[in-house]
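One structure is given here, and the rest of the page talks about it.
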Amino acid sequence: AYSVRLLAAEPEPSGNGGAWLRVVIPPAVSDALGTRGRVTVAGRVNGFAFRSMLLVGDDGAQHLMFGRAFGYGARAGAGSRVRVELGLA
């Protein structure tokens with residue numbers, strides 16, 4: 001029951017040694033959420049539930065960040081295809 005769905009997103013490595021994975025949120029999805037700033041969201045990555053914040057990167061885009069442990073649980077790695085569902089929390 002999340003308001004926006006992203007299909008076939010590809011997590012990118014981020015941070016020192018790729019300790020984090022990030023999904024860049026497309027502008028159209030940010031617009032559908034009603035903000036391009038920092039915002040709390042809830043959703044699922046490959047069916048694995050999360051509650052987090054979308055952060056704004058140096059490029060001005062929103063990013064969903066998650067650590068390796070979450071990536072293992074969601075079966076998500078750098079460059080893999082994932083299904084992301086999210087909405088405002």
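Each chain in the structure tokens gets a letter, A, B and so on, in the order shown; residues start at 1 in every chain, and ligands are counted from 1 in the order they appear.
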Run DSSP on the backbone and give me the residues of chain A it puts in alpha helix (DSSP H), as a ChimeraX atom specification.
-> /A:27-33,68-73
Would you please give, as a VMD selection string, all residues of chain A that DSSP assigns to strand (DSSP E) based on the backbone?
-> chain A and resid 4 to 9 12 to 14 20 to 25 39 to 45 48 to 56 62 to 67 82 to 88
Keeping only N, CA and C atoms, write the selected residues as a short mmCIF file (atom, residue, chain, number, x, y, z; two decimals), in the first residue's frame.
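Saved result, selection-v5.cif, follows:
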data_model
loop_
_atom_site.label_atom_id
_atom_site.label_comp_id
_atom_site.auth_asym_id
_atom_site.auth_seq_id
_atom_site.Cartn_x
_atom_site.Cartn_y
_atom_site.Cartn_z
N VAL A 4 4.19 4.91 -4.22
CA VAL A 4 5.03 4.97 -5.40
C VAL A 4 5.81 3.66 -5.50
N ARG A 5 5.99 3.17 -6.70
CA ARG A 5 6.80 1.97 -6.90
C ARG A 5 7.92 2.27 -7.88
N LEU A 6 9.09 1.79 -7.56
CA LEU A 6 10.22 1.84 -8.48
C LEU A 6 10.51 0.41 -8.89
N LEU A 7 10.55 0.15 -10.14
CA LEU A 7 10.86 -1.19 -10.59
C LEU A 7 12.25 -1.20 -11.21
N ALA A 8 12.97 -2.27 -11.03
CA ALA A 8 14.27 -2.49 -11.66
C ALA A 8 15.29 -1.41 -11.32
N ALA A 9 15.29 -0.96 -10.06
CA ALA A 9 16.33 -0.05 -9.60
C ALA A 9 17.62 -0.84 -9.45
N GLU A 12 23.85 1.10 -6.09
CA GLU A 12 25.24 1.44 -6.39
C GLU A 12 26.02 1.40 -5.08
N PRO A 13 27.29 0.97 -5.12
CA PRO A 13 28.09 1.01 -3.90
C PRO A 13 28.35 2.46 -3.49
N SER A 14 28.45 2.70 -2.18
CA SER A 14 28.68 4.03 -1.67
C SER A 14 29.47 3.92 -0.37
N TRP A 20 28.05 0.84 2.08
CA TRP A 20 26.63 1.15 1.89
C TRP A 20 26.23 0.88 0.45
N LEU A 21 24.95 0.70 0.26
CA LEU A 21 24.37 0.65 -1.08
C LEU A 21 23.38 1.79 -1.16
N ARG A 22 23.26 2.37 -2.35
CA ARG A 22 22.29 3.45 -2.50
C ARG A 22 21.50 3.24 -3.78
N VAL A 23 20.27 3.69 -3.73
CA VAL A 23 19.40 3.73 -4.90
C VAL A 23 19.10 5.20 -5.14
N VAL A 24 19.41 5.68 -6.33
CA VAL A 24 19.11 7.07 -6.68
C VAL A 24 17.63 7.14 -7.06
N ILE A 25 16.92 8.05 -6.44
CA ILE A 25 15.48 8.20 -6.66
C ILE A 25 15.28 9.14 -7.86
N VAL A 39 13.34 13.33 3.59
CA VAL A 39 11.99 12.93 4.01
C VAL A 39 12.01 11.49 4.52
N THR A 40 11.17 11.20 5.51
CA THR A 40 11.05 9.85 6.05
C THR A 40 10.12 9.03 5.17
N VAL A 41 10.58 7.83 4.81
CA VAL A 41 9.80 6.94 3.96
C VAL A 41 9.76 5.54 4.59
N ALA A 42 8.80 4.77 4.15
CA ALA A 42 8.70 3.35 4.51
C ALA A 42 8.43 2.59 3.23
N GLY A 43 8.83 1.35 3.22
CA GLY A 43 8.59 0.55 2.02
C GLY A 43 9.23 -0.80 2.10
N ARG A 44 9.54 -1.35 0.93
CA ARG A 44 10.15 -2.68 0.82
C ARG A 44 11.15 -2.67 -0.32
N VAL A 45 12.24 -3.39 -0.12
CA VAL A 45 13.20 -3.69 -1.18
C VAL A 45 13.14 -5.20 -1.36
N PHE A 48 11.51 -6.91 1.45
CA PHE A 48 12.14 -6.75 2.77
C PHE A 48 11.82 -5.35 3.28
N ALA A 49 11.08 -5.26 4.38
CA ALA A 49 10.56 -3.99 4.87
C ALA A 49 11.64 -3.08 5.45
N PHE A 50 11.43 -1.78 5.28
CA PHE A 50 12.33 -0.78 5.86
C PHE A 50 11.55 0.48 6.21
N ARG A 51 12.14 1.27 7.08
CA ARG A 51 11.70 2.64 7.36
C ARG A 51 12.99 3.44 7.44
N SER A 52 13.09 4.48 6.65
CA SER A 52 14.35 5.20 6.54
C SER A 52 14.09 6.62 6.08
N MET A 53 15.17 7.33 5.82
CA MET A 53 15.07 8.68 5.26
C MET A 53 15.68 8.69 3.88
N LEU A 54 15.06 9.43 2.98
CA LEU A 54 15.71 9.72 1.71
C LEU A 54 16.63 10.90 1.97
N LEU A 55 17.88 10.76 1.61
CA LEU A 55 18.87 11.81 1.80
C LEU A 55 19.12 12.51 0.47
N VAL A 56 19.54 13.74 0.53
CA VAL A 56 19.84 14.50 -0.69
C VAL A 56 21.35 14.50 -0.88
N GLN A 62 17.64 12.68 -4.54
CA GLN A 62 17.39 11.92 -3.32
C GLN A 62 18.00 10.53 -3.47
N HIS A 63 18.52 10.01 -2.35
CA HIS A 63 19.11 8.69 -2.34
C HIS A 63 18.52 7.88 -1.20
N LEU A 64 18.21 6.62 -1.46
CA LEU A 64 17.85 5.67 -0.42
C LEU A 64 19.11 4.88 -0.12
N MET A 65 19.58 4.95 1.12
CA MET A 65 20.82 4.28 1.51
C MET A 65 20.48 3.08 2.39
N PHE A 66 21.23 1.99 2.22
CA PHE A 66 21.10 0.87 3.15
C PHE A 66 22.43 0.14 3.25
N GLY A 67 22.63 -0.48 4.42
CA GLY A 67 23.88 -1.17 4.70
C GLY A 67 23.90 -2.59 4.16
N VAL A 82 16.62 -4.69 -8.37
CA VAL A 82 15.75 -4.79 -7.19
C VAL A 82 14.43 -4.09 -7.46
N ARG A 83 13.45 -4.50 -6.71
CA ARG A 83 12.14 -3.85 -6.74
C ARG A 83 12.01 -3.04 -5.46
N VAL A 84 11.81 -1.76 -5.62
CA VAL A 84 11.67 -0.87 -4.47
C VAL A 84 10.25 -0.31 -4.46
N GLU A 85 9.57 -0.46 -3.34
CA GLU A 85 8.28 0.16 -3.12
C GLU A 85 8.47 1.14 -1.97
N LEU A 86 7.99 2.37 -2.14
CA LEU A 86 8.13 3.31 -1.04
C LEU A 86 7.02 4.33 -1.04
N GLY A 87 6.82 4.91 0.11
CA GLY A 87 5.85 5.97 0.30
C GLY A 87 6.22 6.76 1.53
N LEU A 88 5.56 7.86 1.74
CA LEU A 88 5.83 8.68 2.92
C LEU A 88 5.46 7.92 4.18
#
Pick the closest to Ala76 (chain A) from A:Pro27, A:Pro11, A:Asp58, A:Gly18: which is it, counting only C-alpha atoms?
->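 Checking each of A:Pro27, A:Pro11, A:Asp58, A:Gly18 against Ala76 (chain A), counting only C-alpha atoms, the winner is A:Pro11.
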Of the residues A:Gly15, A:Ala89, A:Asn46, A:Arg36, which is the one nearest to Asp59 (chain A), using only C-alpha atoms?
->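 The answer is A:Arg36, which sits nearest to Asp59 (chain A).
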Shortest contact to Asp31 (chain A), candidates A:Ala61, A:Glu10, A:Gly47, A:Gly73, atoms counted only C-alpha atoms, goes to A:Ala61
So how far away is CA of Gly57 (chain A) from CA of Phe70 (chain A), in Å?
->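 CA of Gly57 (chain A) lies at a distance of 20.6 Å from CA of Phe70 (chain A).
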